[in-house]
Every structure is written in C-alpha cells, then in structure tokens.
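File shown here: run.txt, holding compact mmCIF, C-alpha atoms and all ligand atoms.
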```txt
# COMPACT_ATOMS: atom_id res chain seq x y z
CA MET A 1 0.00 0.00 0.00
CA GLU A 2 1.20 3.49 -0.75
CA VAL A 3 0.30 7.06 0.11
CA ALA A 4 -1.31 8.67 -2.92
CA SER A 5 -3.35 11.54 -4.20
CA SER A 6 -6.22 11.49 -6.66
CA LYS A 7 -8.44 13.74 -8.71
CA THR A 8 -12.21 13.26 -8.93
CA ARG A 9 -14.42 14.73 -11.62
CA LYS A 10 -16.31 17.66 -10.23
CA GLY A 11 -18.05 20.80 -11.45
CA LYS A 12 -21.68 20.92 -12.46
CA LEU A 13 -23.39 22.55 -15.41
CA LEU A 14 -26.82 22.26 -13.84
CA PRO A 15 -28.49 24.59 -11.31
CA ASP A 16 -28.36 23.46 -7.66
CA GLU A 17 -32.08 22.88 -7.16
CA GLY A 18 -35.33 22.05 -8.97
CA VAL A 19 -36.27 19.67 -11.78
CA PHE A 20 -33.56 21.04 -14.06
CA SER A 21 -30.88 20.25 -11.47
CA SER A 22 -31.34 16.51 -12.05
CA PRO A 23 -28.68 14.77 -14.19
CA VAL A 24 -31.57 12.76 -15.68
CA PHE A 25 -32.80 15.98 -17.28
CA LEU A 26 -29.39 16.74 -18.75
CA ALA A 27 -29.08 13.12 -19.94
CA LEU A 28 -32.43 13.43 -21.73
CA LEU A 29 -31.39 16.70 -23.39
CA ILE A 30 -28.15 15.06 -24.56
CA GLN A 31 -30.03 12.09 -26.03
CA LEU A 32 -32.34 14.49 -27.92
CA LEU A 33 -29.37 16.50 -29.19
CA ALA A 34 -27.51 13.32 -30.27
CA PHE A 35 -30.67 12.11 -32.02
CA GLY A 36 -31.08 15.49 -33.76
CA LEU A 37 -27.46 15.49 -34.97
CA SER A 38 -27.58 11.91 -36.25
CA TYR A 39 -30.91 12.62 -37.96
CA LEU A 40 -29.29 15.63 -39.65
CA MET A 41 -26.50 13.31 -40.84
CA TYR A 42 -29.10 10.82 -42.16
CA ALA A 43 -31.08 13.58 -43.96
CA THR A 44 -27.92 15.10 -45.50
CA ASP A 45 -26.78 11.66 -46.70
CA ARG A 46 -30.18 10.97 -48.29
CA TRP A 47 -30.30 14.38 -49.94
CA GLN A 48 -26.68 14.39 -51.21
CA PHE A 49 -25.97 10.69 -51.87
CA GLY A 50 -29.35 8.99 -51.98
CA GLY A 51 -29.07 7.28 -48.55
CA THR A 52 -25.79 5.30 -48.37
CA LEU A 53 -25.40 5.21 -44.58
CA SER A 54 -26.48 2.04 -42.79
CA PRO A 55 -28.93 2.39 -39.89
CA TYR A 56 -26.39 0.58 -37.65
CA LEU A 57 -23.75 3.20 -38.40
CA LEU A 58 -26.24 5.95 -37.57
CA LEU A 59 -27.05 4.16 -34.30
CA ILE A 60 -23.35 3.98 -33.39
CA VAL A 61 -22.96 7.68 -34.26
CA HIS A 62 -25.94 8.56 -32.05
CA ALA A 63 -24.65 6.48 -29.10
CA SER A 64 -21.09 7.83 -29.43
CA LEU A 65 -22.32 11.42 -29.67
CA ALA A 66 -24.42 10.96 -26.51
CA ALA A 67 -21.43 9.53 -24.61
CA VAL A 68 -19.00 12.21 -25.83
CA LEU A 69 -21.45 15.03 -25.03
CA SER A 70 -21.93 13.58 -21.53
CA PHE A 71 -18.17 13.61 -21.07
CA LEU A 72 -17.85 17.18 -22.42
CA LEU A 73 -20.68 18.36 -20.17
CA ARG A 74 -18.84 16.89 -17.18
CA MET A 75 -21.35 14.23 -16.23
CA SER A 76 -20.05 11.44 -13.99
CA TRP A 77 -18.39 8.53 -15.78
CA TRP A 78 -21.23 6.08 -15.33
CA TRP A 79 -23.48 8.45 -17.33
CA TRP A 80 -21.14 8.15 -20.33
CA LEU A 81 -21.80 4.42 -20.24
CA ILE A 82 -25.55 4.75 -19.73
CA GLN A 83 -25.80 7.32 -22.51
CA PHE A 84 -23.90 5.02 -24.90
CA VAL A 85 -25.90 1.90 -24.11
CA PHE A 86 -29.34 3.55 -23.98
CA PRO A 87 -29.95 3.96 -27.79
CA PHE A 88 -28.90 0.30 -28.39
CA ALA A 89 -31.29 -0.86 -25.66
CA VAL A 90 -34.19 1.08 -27.19
CA VAL A 91 -33.49 -0.25 -30.69
CA ALA A 92 -32.97 -3.83 -29.39
CA SER A 93 -36.32 -3.77 -27.58
CA LEU A 94 -38.01 -2.63 -30.83
CA VAL A 95 -36.15 -5.05 -33.14
CA PHE A 96 -36.60 -8.12 -30.94
CA GLN A 97 -40.12 -7.09 -29.97
CA LEU A 98 -39.65 -8.07 -26.34
CA HIS A 99 -42.70 -9.45 -24.59
CA PRO A 100 -44.17 -6.64 -22.43
CA GLY A 101 -43.70 -8.90 -19.37
CA VAL A 102 -39.93 -9.14 -20.06
CA SER A 103 -39.67 -5.36 -20.47
CA LEU A 104 -41.61 -4.90 -17.23
CA ALA A 105 -39.39 -7.41 -15.39
CA ILE A 106 -36.23 -5.61 -16.61
CA PHE A 107 -37.71 -2.27 -15.60
CA VAL A 108 -38.74 -3.49 -12.10
CA SER A 109 -35.26 -5.07 -11.54
CA MET A 110 -33.60 -1.80 -12.51
CA VAL A 111 -35.88 0.17 -10.18
CA LEU A 112 -35.17 -2.21 -7.26
CA LEU A 113 -31.43 -2.05 -7.91
CA PHE A 114 -31.01 1.65 -8.60
CA TRP A 115 -34.01 2.92 -6.59
CA SER A 116 -33.49 6.67 -5.91
CA THR A 117 -30.26 7.12 -7.88
CA TYR A 118 -31.94 9.98 -9.79
CA ARG A 119 -32.15 11.82 -6.42
CA THR A 120 -29.00 10.66 -4.59
CA GLN A 121 -26.82 10.66 -7.74
CA VAL A 122 -25.17 7.51 -6.36
CA PRO A 123 -25.70 4.39 -8.51
CA TYR A 124 -24.70 0.91 -7.39
CA PHE A 125 -21.20 -0.22 -8.30
CA PRO A 126 -19.04 -2.44 -6.10
CA SER A 127 -15.73 -1.54 -4.52
CA LYS A 128 -12.66 -3.66 -5.35
CA SER A 129 -11.60 -6.45 -3.00
CA SER A 130 -8.17 -4.77 -2.74
CA LEU A 131 -9.93 -2.11 -0.63
CA LEU A 132 -10.33 -4.48 2.35
CA PRO A 133 -6.66 -4.58 3.49
CA CYS A 134 -6.57 -0.76 3.27
CA ILE A 135 -9.57 -0.48 5.62
CA LEU A 136 -8.26 -3.21 7.92
CA GLU A 137 -4.94 -1.44 8.27
CA GLN A 138 -6.73 1.61 9.73
CA LEU A 139 -9.38 -0.20 11.76
CA PRO A 140 -8.74 0.04 15.54
CA ALA A 141 -8.41 -3.40 17.15
CA HIS A 142 -10.70 -3.04 20.21
CA ASP A 143 -13.55 -5.54 20.50
CA ASP A 144 -16.47 -3.13 20.87
CA LEU A 145 -15.67 -1.25 17.64
CA SER A 146 -18.67 -0.50 15.44
CA PHE A 147 -18.19 0.10 11.72
CA ILE A 148 -20.80 1.15 9.18
CA ASP A 149 -20.75 1.14 5.38
CA VAL A 150 -23.11 3.92 4.27
CA GLY A 151 -24.58 2.86 0.94
CA SER A 152 -23.70 -0.78 1.60
CA GLY A 153 -24.97 -2.24 -1.70
CA PHE A 154 -24.93 -6.05 -1.48
CA GLY A 155 -23.10 -5.89 1.87
CA GLY A 156 -19.72 -7.19 0.67
CA VAL A 157 -17.54 -4.74 2.63
CA SER A 158 -19.13 -5.30 6.07
CA VAL A 159 -19.57 -9.08 5.62
CA SER A 160 -15.94 -9.55 4.53
CA LEU A 161 -14.58 -7.39 7.35
CA ALA A 162 -16.76 -9.24 9.90
CA ARG A 163 -15.13 -12.52 8.85
CA LEU A 164 -11.70 -11.07 9.60
CA ARG A 165 -12.71 -9.30 12.85
CA PRO A 166 -15.28 -11.60 14.50
CA GLN A 167 -15.34 -9.67 17.81
CA GLN A 168 -16.28 -6.33 16.26
CA SER A 169 -19.67 -5.12 14.95
CA PHE A 170 -20.28 -4.32 11.29
CA PHE A 171 -23.31 -2.51 9.92
CA GLY A 172 -24.52 -1.27 6.58
CA VAL A 173 -27.28 1.04 5.45
CA GLU A 174 -28.74 0.85 1.95
CA VAL A 175 -31.62 2.70 0.34
CA ALA A 176 -32.25 0.34 -2.62
CA PRO A 177 -34.44 -2.68 -1.69
CA PHE A 178 -32.86 -5.41 -3.83
CA PRO A 179 -29.20 -5.03 -2.74
CA TRP A 180 -30.40 -4.54 0.84
CA LEU A 181 -32.40 -7.80 0.71
CA VAL A 182 -29.34 -9.72 -0.50
CA SER A 183 -27.20 -8.15 2.26
CA TRP A 184 -29.89 -9.01 4.83
CA PHE A 185 -29.62 -12.71 3.85
CA ARG A 186 -25.83 -12.53 3.94
CA ALA A 187 -26.02 -11.06 7.46
CA LYS A 188 -28.08 -14.07 8.59
CA TRP A 189 -25.14 -16.32 7.62
CA ALA A 190 -22.52 -13.94 8.95
CA GLY A 191 -23.74 -13.95 12.55
CA PRO A 192 -25.17 -11.55 15.13
CA ARG A 193 -22.47 -8.89 14.75
CA VAL A 194 -23.47 -8.01 11.20
CA CYS A 195 -26.62 -6.01 10.46
CA PHE A 196 -27.99 -4.05 7.50
CA TYR A 197 -30.64 -1.32 7.61
CA LEU A 198 -32.98 -0.48 4.76
CA LYS A 199 -33.10 3.31 4.90
CA ASP A 200 -31.47 6.54 3.82
CA TYR A 201 -28.22 7.12 5.72
CA LEU A 202 -29.47 10.63 6.51
CA GLN A 203 -31.85 8.97 9.00
CA LEU A 204 -28.98 7.45 11.00
CA ASP A 205 -27.03 9.08 13.80
CA PHE A 206 -23.32 8.74 12.93
CA ALA A 207 -22.48 9.30 16.63
CA GLU A 208 -23.28 5.60 17.15
CA PHE A 209 -20.30 4.44 15.08
CA ASP A 210 -16.53 4.43 15.53
CA VAL A 211 -15.80 4.17 11.81
CA VAL A 212 -18.05 5.43 9.02
CA PHE A 213 -17.07 4.20 5.55
CA ALA A 214 -18.62 5.45 2.29
CA TYR A 215 -18.27 4.67 -1.40
CA LEU A 216 -20.78 7.08 -2.92
CA SER A 217 -20.13 9.75 -5.56
CA PRO A 218 -18.66 13.26 -5.85
CA ALA A 219 -22.18 14.72 -5.70
CA ALA A 220 -22.83 13.16 -2.27
CA MET A 221 -19.60 14.22 -0.57
CA PRO A 222 -20.31 17.82 0.60
CA GLY A 223 -23.61 16.78 2.29
CA LEU A 224 -22.05 13.67 3.76
CA TRP A 225 -19.17 15.67 5.22
CA GLU A 226 -21.65 18.07 6.88
CA LYS A 227 -23.29 15.08 8.59
CA VAL A 228 -19.92 13.58 9.55
CA SER A 229 -18.73 16.88 11.08
CA ALA A 230 -21.99 17.43 12.93
CA GLU A 231 -22.43 13.93 14.36
CA MET A 232 -19.23 11.88 14.58
CA ARG A 233 -17.48 11.78 17.96
CA PRO A 234 -13.86 12.94 18.47
CA GLY A 235 -11.45 10.01 18.09
CA THR A 236 -13.58 8.30 15.41
CA GLN A 237 -12.73 7.93 11.70
CA PHE A 238 -14.46 8.73 8.44
CA MET A 239 -13.28 6.86 5.33
CA SER A 240 -14.25 7.47 1.72
CA TYR A 241 -13.21 5.27 -1.20
CA GLU A 242 -12.32 7.03 -4.44
CA PHE A 243 -14.16 10.30 -3.69
CA THR A 244 -12.68 13.04 -1.54
CA VAL A 245 -14.42 15.93 0.21
CA PRO A 246 -13.92 19.15 -1.77
CA GLY A 247 -11.77 21.59 0.19
CA ILE A 248 -11.12 19.24 3.14
CA GLU A 249 -7.77 17.52 3.00
CA ALA A 250 -7.73 13.94 4.22
CA ASP A 251 -5.42 12.92 7.08
CA LEU A 252 -4.38 9.82 5.12
CA THR A 253 -4.66 8.65 1.53
CA ILE A 254 -4.06 4.93 1.00
CA LYS A 255 -3.77 2.82 -2.14
CA SER A 256 -3.25 -0.90 -2.43
CA ASN A 257 -1.76 -0.58 -5.90
CA ALA A 258 -1.20 2.02 -8.60
CA ASN A 259 -4.39 1.34 -10.63
CA ASP A 260 -6.79 1.25 -7.69
CA PRO A 261 -8.82 4.15 -6.34
CA VAL A 262 -7.63 5.88 -3.18
CA LEU A 263 -9.05 5.32 0.29
CA TYR A 264 -9.27 8.73 2.04
CA VAL A 265 -9.23 8.75 5.85
CA TRP A 266 -10.20 11.66 8.08
CA ARG A 267 -9.56 11.49 11.84
CA ILE A 268 -12.35 13.32 13.61
C1 LIG A 301 -21.10 2.77 -5.17
S1 LIG A 301 -22.23 1.74 -4.31
C2 LIG A 301 -21.17 1.11 -3.04
C3 LIG A 301 -21.55 -0.26 -2.55
C4 LIG A 301 -20.69 -0.78 -1.41
N1 LIG A 301 -20.52 0.16 -0.34
C5 LIG A 301 -19.34 -1.22 -1.88
O1 LIG A 301 -18.35 -0.59 -1.51
O2 LIG A 301 -19.25 -2.17 -2.67
C6 LIG A 301 -23.20 2.99 -3.48
C7 LIG A 301 -24.49 2.48 -2.84
O3 LIG A 301 -25.02 3.54 -2.03
C8 LIG A 301 -26.43 3.46 -2.06
N2 LIG A 301 -26.95 4.78 -1.62
C9 LIG A 301 -26.90 5.94 -2.31
N3 LIG A 301 -27.44 6.94 -1.60
C10 LIG A 301 -27.85 6.40 -0.42
C11 LIG A 301 -28.50 6.94 0.73
N4 LIG A 301 -28.81 8.21 0.80
N5 LIG A 301 -28.75 6.10 1.77
C12 LIG A 301 -28.40 4.78 1.70
N6 LIG A 301 -27.81 4.21 0.62
C13 LIG A 301 -27.53 5.01 -0.42
C14 LIG A 301 -26.74 3.12 -3.50
O4 LIG A 301 -28.02 2.54 -3.62
C15 LIG A 301 -25.60 2.12 -3.82
O5 LIG A 301 -26.00 0.79 -3.59
```
Just give me the structure as structure tokens.
Amino acid sequence: MEVASSKTRKGKLLPDEGVFSSPVFLALLIQLLAFGLSYLMYATDRWQFGGTLSPYLLLIVHASLAAVLSFLLRMSWWWWLIQFVFPFAVVASLVFQLHPGVSLAIFVSMVLLFWSTYRTQVPYFPSKSSLLPCILEQLPAHDDLSFIDVGSGFGGVSVSLARLRPQQSFFGVEVAPFPWLVSWFRAKWAGPRVCFYLKDYLQLDFAEFDVVFAYLSPAAMPGLWEKVSAEMRPGTQFMSYEFTVPGIEADLTIKSNANDPVLYVWRI
C-alpha cells in the first residue's frame, strides 16, 4: 500500500435545485441532441448521396455522440456508459419485440437495484476487493468497535470485514431494496455482529459508530461531510473510497496498488 493523491471529476453545469438540477434531465437533453445530430446526418446523406449510410452506423454515431457530449458536459463517468448503451437498448427492444412482461421485469429489476439514484446521484457499483486490506490497516483493534458502510450495496464490505474481525460489529445502510435484501440474507449467515438497515443514511445518527465508511459519488460528498462533522465523535474515523471531500484535506490517503482508487481517511 502506498500514500497517494487522486483527482475526482467535479463541477456541475446544472443549477443546484429544482427539476432542471437533475442529471436525468441533462441526460435526456443530450439524447435528444444526439438524435437530432444523427438525424441531420441521415437527412444530409439521403439528400446528397441517396441514402448510403447504414442504420447501424447511424445508431453507433448517435450512441457515441451521446457519450462524448456527456463527457464534455462533465457528467459522472457512469453516465457516459448509460448514454452510450441507452440507444442500443431502445433499438434492441423494438427489433426483438420483447414481450411486455420481459420489459416490465427488466424495468422493475432496474428500479429495485437503482431505486433513488436519480435523487441521490449515487448508482450501485461495487468496490474492489483490494480495498479491504486498506480499511483493515486503519481499523482500531478493540472488541467493541462499530463500523458502518453507508450505501452498503450487497453488503460485501461489512460481511468480509466481519469474517476477519469476529469480535467487532459491522453494519450497513442501503436505500435500494434489492441489494439490501441480499445483504440481509448474507447477514443471517454472517452472525449476530453483522446487520444491514434499509433506509437513507441521513436517517442514522453517525455518533453511534466508531468508523463510518462510504463509497458514494462526488455529488454526495459535501452533504455527507456536513453530517460527519456534525455527528461523529472525536477520536472516530471517516473513510471514503475514491471520492474526496472538496476543500477538506484527508489525514491519510491509502492505495493498495497504482491502478486502484484511493481510500481517504479523516480522523475526527
Ligand atoms: C457505489 S455503491 C457502493 C456499494 C458498497 N458500499 C461497496 O463498496 O461495494 C453505493 C451504494 O449507495 C447506495 N446509496 C446511495 N445513496 C444512499 C443513501 N442516501 N442512503 C443509503 N444508501 C444510499 C446506492 O443505492 C448504492 O448501492
């Protein structure tokens, strides 16, 4: 492990509040713009050359334009991916004429997995297993330690740490029902010192924990830091994987290897 520094993408084009502040709105505008530009290309080709461009090429142009515009407009990286895949998904559902039940099942699964991502701006994506030794290295050894993963996804971080520190207590809080349900089952196997809550972390009191760990997104960090500063007790630790707090230098930055994201640690 090495001490490191890292840059996160930040800066927002959107206003701070209201419907237009949502990245979903910007994503929709980008899709419309990409569609308009590729349609212009299609119309010009028809008018000038009698329609030589294949529909698949136009689809790739549309998807690439949407991804590049998302990048240029400083959307988070997962939006580039969503924006690229979205036009293919729409065309595939039309071409293969999916049964409405299949479309509904896909939609419901997505809702249960991503739940209020449009509001929190924190989608589900797992941390790397190389993160665990970095956390362990900083975790105090006393038996009554309580650790919480805020935005615990499928519960991997807390369950894995609990295996290595069986005397300590590991919690997680997750707002999306499907990952929470999986973590709830995993906790049943992991024993009484592992527990996952289904709620928004804003409803928890961070004063109850010795270590608060988060892997969220740049958008969540300023609000999270406010909660950490207001509620965490002196002598406790706040850790954030990959995303730092703007303007607040971490006490430690840890990396397990050069290509991995940084674990930032603040001593409260
Ligand atoms: C990037 S994933 C991290 C998963 C897990 N901590 C890990 O390291 O593998 C972030 C998770 O935070 C959850 N989340 C986002 N905002 C939340 C909130 N306000 N309260 C609880 N969970 C939240 C998301 O649903 C998502 O599952």
Using all atoms listed in the file, which residues of the polymer chains come no farther than 6 Å from ligand LIG 301 (chain A)? I'd like the answer as a PyMOL selection string.
chain A and resi 114+120+122-127+149-153+157+173-176+199-201+215-216
A:Phe196, A:Phe71, A:Phe107, A:Trp189: which is nearest Phe171 (chain A), counting all atoms listed in the file?
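When distances to Phe171 (chain A) are compared using all atoms listed in the file, the smallest one comes from A:Phe196.
Here CA of Pro133 (chain A) and CA of Ser256 (chain A) stand 7.8 Å from one another.
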Near-Val265 (chain A) list (12 Å; only C-alpha atoms; drop same-chain fewer than 2 positions) as a compact mmCIF listing (two decimals) with C-alpha atoms, keeping the file's coordinate frame:
```txt
# COMPACT_ATOMS: atom_id res chain seq x y z
CA VAL A 3 0.30 7.06 0.11
CA ALA A 4 -1.31 8.67 -2.92
CA SER A 5 -3.35 11.54 -4.20
CA CYS A 134 -6.57 -0.76 3.27
CA ILE A 135 -9.57 -0.48 5.62
CA GLU A 137 -4.94 -1.44 8.27
CA GLN A 138 -6.73 1.61 9.73
CA LEU A 139 -9.38 -0.20 11.76
CA VAL A 211 -15.80 4.17 11.81
CA VAL A 212 -18.05 5.43 9.02
CA PHE A 213 -17.07 4.20 5.55
CA ALA A 214 -18.62 5.45 2.29
CA THR A 236 -13.58 8.30 15.41
CA GLN A 237 -12.73 7.93 11.70
CA PHE A 238 -14.46 8.73 8.44
CA MET A 239 -13.28 6.86 5.33
CA SER A 240 -14.25 7.47 1.72
CA TYR A 241 -13.21 5.27 -1.20
CA GLU A 242 -12.32 7.03 -4.44
CA PHE A 243 -14.16 10.30 -3.69
CA THR A 244 -12.68 13.04 -1.54
CA VAL A 245 -14.42 15.93 0.21
CA ILE A 248 -11.12 19.24 3.14
CA GLU A 249 -7.77 17.52 3.00
CA ALA A 250 -7.73 13.94 4.22
CA ASP A 251 -5.42 12.92 7.08
CA LEU A 252 -4.38 9.82 5.12
CA THR A 253 -4.66 8.65 1.53
CA ILE A 254 -4.06 4.93 1.00
CA LYS A 255 -3.77 2.82 -2.14
CA VAL A 262 -7.63 5.88 -3.18
CA LEU A 263 -9.05 5.32 0.29
CA ARG A 267 -9.56 11.49 11.84
CA ILE A 268 -12.35 13.32 13.61
```
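Coordinates place CA of Trp78 (chain A) at a distance of 28.6 Å from CA of Ser229 (chain A).
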Find the residues around Ala66 (chain A) up to 12 Å (only C-alpha atoms counted), leave out those fewer than 3 positions away in its own chain, and share them as a short mmCIF file (atom, residue, chain, number, x, y, z; two decimals) with C-alpha atoms, keeping the file's coordinate frame.
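Result saved to part-v2.cif:
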```cif
data_model
loop_
_atom_site.label_atom_id
_atom_site.label_comp_id
_atom_site.auth_asym_id
_atom_site.auth_seq_id
_atom_site.Cartn_x
_atom_site.Cartn_y
_atom_site.Cartn_z
CA LEU A 26 -29.39 16.74 -18.75
CA ALA A 27 -29.08 13.12 -19.94
CA LEU A 28 -32.43 13.43 -21.73
CA LEU A 29 -31.39 16.70 -23.39
CA ILE A 30 -28.15 15.06 -24.56
CA GLN A 31 -30.03 12.09 -26.03
CA LEU A 32 -32.34 14.49 -27.92
CA LEU A 33 -29.37 16.50 -29.19
CA ALA A 34 -27.51 13.32 -30.27
CA PHE A 35 -30.67 12.11 -32.02
CA GLY A 36 -31.08 15.49 -33.76
CA LEU A 37 -27.46 15.49 -34.97
CA SER A 38 -27.58 11.91 -36.25
CA LEU A 59 -27.05 4.16 -34.30
CA ILE A 60 -23.35 3.98 -33.39
CA VAL A 61 -22.96 7.68 -34.26
CA HIS A 62 -25.94 8.56 -32.05
CA ALA A 63 -24.65 6.48 -29.10
CA LEU A 69 -21.45 15.03 -25.03
CA SER A 70 -21.93 13.58 -21.53
CA PHE A 71 -18.17 13.61 -21.07
CA LEU A 72 -17.85 17.18 -22.42
CA LEU A 73 -20.68 18.36 -20.17
CA MET A 75 -21.35 14.23 -16.23
CA TRP A 79 -23.48 8.45 -17.33
CA TRP A 80 -21.14 8.15 -20.33
CA LEU A 81 -21.80 4.42 -20.24
CA ILE A 82 -25.55 4.75 -19.73
CA GLN A 83 -25.80 7.32 -22.51
CA PHE A 84 -23.90 5.02 -24.90
CA VAL A 85 -25.90 1.90 -24.11
CA PHE A 86 -29.34 3.55 -23.98
CA PRO A 87 -29.95 3.96 -27.79
CA PHE A 88 -28.90 0.30 -28.39
#
```
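The interatomic distance for the pair CA of Ala89 (chain A) and CA of Pro177 (chain A) works out to 24.2 Å.
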Using all atoms of region 185-188 of chain A listed in the file and a margin of 4 Å per side, can you give the axis-aligned box centre and edge lengths in Å to one decimal, as lines of an AutoDock Vina configuration file?
```
center_x = -27.7
center_y = -12.6
center_z = 6.2
size_x = 11.8
size_y = 11.0
size_z = 12.7
```
Looking at all atoms listed in the file, which of A:Leu113, A:Ala219, A:Ala43, A:Leu104 is the one that sits closest to Leu181 (chain A)?
A:Leu113
Counting only C-alpha atoms, the option among A:Gly235, A:Phe178, A:Pro100, A:Met41 closest to Pro140 (chain A):
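Between A:Gly235, A:Phe178, A:Pro100, A:Met41, the residue approaching Pro140 (chain A) most closely is A:Gly235.
Counting only C-alpha atoms and comparing A:His99, A:Lys227, A:Arg233, A:Arg163, the residue that lies closest to Gln203 (chain A) is A:Lys227.
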List every protein, DNA or RNA residue with an atom no more than 9 Å from (-17.7, 15.7, -2.8) in the file's coordinates, counting all atoms listed in the file, and format the result as an mmCIF file with C-alpha atoms, keeping the file's coordinate frame.
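See out-v1.cif below for the written result:
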```cif
data_model
loop_
_atom_site.group_PDB
_atom_site.id
_atom_site.type_symbol
_atom_site.label_atom_id
_atom_site.label_comp_id
_atom_site.auth_asym_id
_atom_site.auth_seq_id
_atom_site.Cartn_x
_atom_site.Cartn_y
_atom_site.Cartn_z
ATOM 1 C CA THR A 8 -12.210 13.260 -8.930
ATOM 2 C CA LYS A 10 -16.310 17.660 -10.230
ATOM 3 C CA SER A 217 -20.130 9.750 -5.560
ATOM 4 C CA PRO A 218 -18.660 13.260 -5.850
ATOM 5 C CA ALA A 219 -22.180 14.720 -5.700
ATOM 6 C CA ALA A 220 -22.830 13.160 -2.270
ATOM 7 C CA MET A 221 -19.600 14.220 -0.570
ATOM 8 C CA PRO A 222 -20.310 17.820 0.600
ATOM 9 C CA GLY A 223 -23.610 16.780 2.290
ATOM 10 C CA LEU A 224 -22.050 13.670 3.760
ATOM 11 C CA TRP A 225 -19.170 15.670 5.220
ATOM 12 C CA PHE A 243 -14.160 10.300 -3.690
ATOM 13 C CA THR A 244 -12.680 13.040 -1.540
ATOM 14 C CA VAL A 245 -14.420 15.930 0.210
ATOM 15 C CA PRO A 246 -13.920 19.150 -1.770
ATOM 16 C CA GLY A 247 -11.770 21.590 0.190
#
```
Write out as a PyMOL selection string each polymer residue whose atoms come within 9 Å of Ser158 (chain A), counting only C-alpha atoms; drop sequence neighbours fewer than 2 positions from it.
chain A and resi 147-149+152+155-156+160-163+169-172+194-195
Excluding Glu208 (chain A) and residues on its chain fewer than 6 positions from it, collect all residues at most 9 Å away from it, counting all atoms listed in the file, and give them as an mmCIF file with C-alpha atoms, in the coordinates of the input.
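Written out: result.cif:
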```cif
data_model
loop_
_atom_site.group_PDB
_atom_site.id
_atom_site.type_symbol
_atom_site.label_atom_id
_atom_site.label_comp_id
_atom_site.auth_asym_id
_atom_site.auth_seq_id
_atom_site.Cartn_x
_atom_site.Cartn_y
_atom_site.Cartn_z
ATOM 1 C CA SER A 146 -18.670 -0.500 15.440
ATOM 2 C CA GLU A 231 -22.430 13.930 14.360
ATOM 3 C CA MET A 232 -19.230 11.880 14.580
ATOM 4 C CA ARG A 233 -17.480 11.780 17.960
#
```
If you keep C-alpha atoms, can you output region 175-240 of chain A as a tab-separated table (two decimals), in the first residue's frame?
```tsv
chain	number	residue	atom	x	y	z
A	175	VAL	CA	-31.62	2.70	0.34
A	176	ALA	CA	-32.25	0.34	-2.62
A	177	PRO	CA	-34.44	-2.68	-1.69
A	178	PHE	CA	-32.86	-5.41	-3.83
A	179	PRO	CA	-29.20	-5.03	-2.74
A	180	TRP	CA	-30.40	-4.54	0.84
A	181	LEU	CA	-32.40	-7.80	0.71
A	182	VAL	CA	-29.34	-9.72	-0.50
A	183	SER	CA	-27.20	-8.15	2.26
A	184	TRP	CA	-29.89	-9.01	4.83
A	185	PHE	CA	-29.62	-12.71	3.85
A	186	ARG	CA	-25.83	-12.53	3.94
A	187	ALA	CA	-26.02	-11.06	7.46
A	188	LYS	CA	-28.08	-14.07	8.59
A	189	TRP	CA	-25.14	-16.32	7.62
A	190	ALA	CA	-22.52	-13.94	8.95
A	191	GLY	CA	-23.74	-13.95	12.55
A	192	PRO	CA	-25.17	-11.55	15.13
A	193	ARG	CA	-22.47	-8.89	14.75
A	194	VAL	CA	-23.47	-8.01	11.20
A	195	CYS	CA	-26.62	-6.01	10.46
A	196	PHE	CA	-27.99	-4.05	7.50
A	197	TYR	CA	-30.64	-1.32	7.61
A	198	LEU	CA	-32.98	-0.48	4.76
A	199	LYS	CA	-33.10	3.31	4.90
A	200	ASP	CA	-31.47	6.54	3.82
A	201	TYR	CA	-28.22	7.12	5.72
A	202	LEU	CA	-29.47	10.63	6.51
A	203	GLN	CA	-31.85	8.97	9.00
A	204	LEU	CA	-28.98	7.45	11.00
A	205	ASP	CA	-27.03	9.08	13.80
A	206	PHE	CA	-23.32	8.74	12.93
A	207	ALA	CA	-22.48	9.30	16.63
A	208	GLU	CA	-23.28	5.60	17.15
A	209	PHE	CA	-20.30	4.44	15.08
A	210	ASP	CA	-16.53	4.43	15.53
A	211	VAL	CA	-15.80	4.17	11.81
A	212	VAL	CA	-18.05	5.43	9.02
A	213	PHE	CA	-17.07	4.20	5.55
A	214	ALA	CA	-18.62	5.45	2.29
A	215	TYR	CA	-18.27	4.67	-1.40
A	216	LEU	CA	-20.78	7.08	-2.92
A	217	SER	CA	-20.13	9.75	-5.56
A	218	PRO	CA	-18.66	13.26	-5.85
A	219	ALA	CA	-22.18	14.72	-5.70
A	220	ALA	CA	-22.83	13.16	-2.27
A	221	MET	CA	-19.60	14.22	-0.57
A	222	PRO	CA	-20.31	17.82	0.60
A	223	GLY	CA	-23.61	16.78	2.29
A	224	LEU	CA	-22.05	13.67	3.76
A	225	TRP	CA	-19.17	15.67	5.22
A	226	GLU	CA	-21.65	18.07	6.88
A	227	LYS	CA	-23.29	15.08	8.59
A	228	VAL	CA	-19.92	13.58	9.55
A	229	SER	CA	-18.73	16.88	11.08
A	230	ALA	CA	-21.99	17.43	12.93
A	231	GLU	CA	-22.43	13.93	14.36
A	232	MET	CA	-19.23	11.88	14.58
A	233	ARG	CA	-17.48	11.78	17.96
A	234	PRO	CA	-13.86	12.94	18.47
A	235	GLY	CA	-11.45	10.01	18.09
A	236	THR	CA	-13.58	8.30	15.41
A	237	GLN	CA	-12.73	7.93	11.70
A	238	PHE	CA	-14.46	8.73	8.44
A	239	MET	CA	-13.28	6.86	5.33
A	240	SER	CA	-14.25	7.47	1.72
```
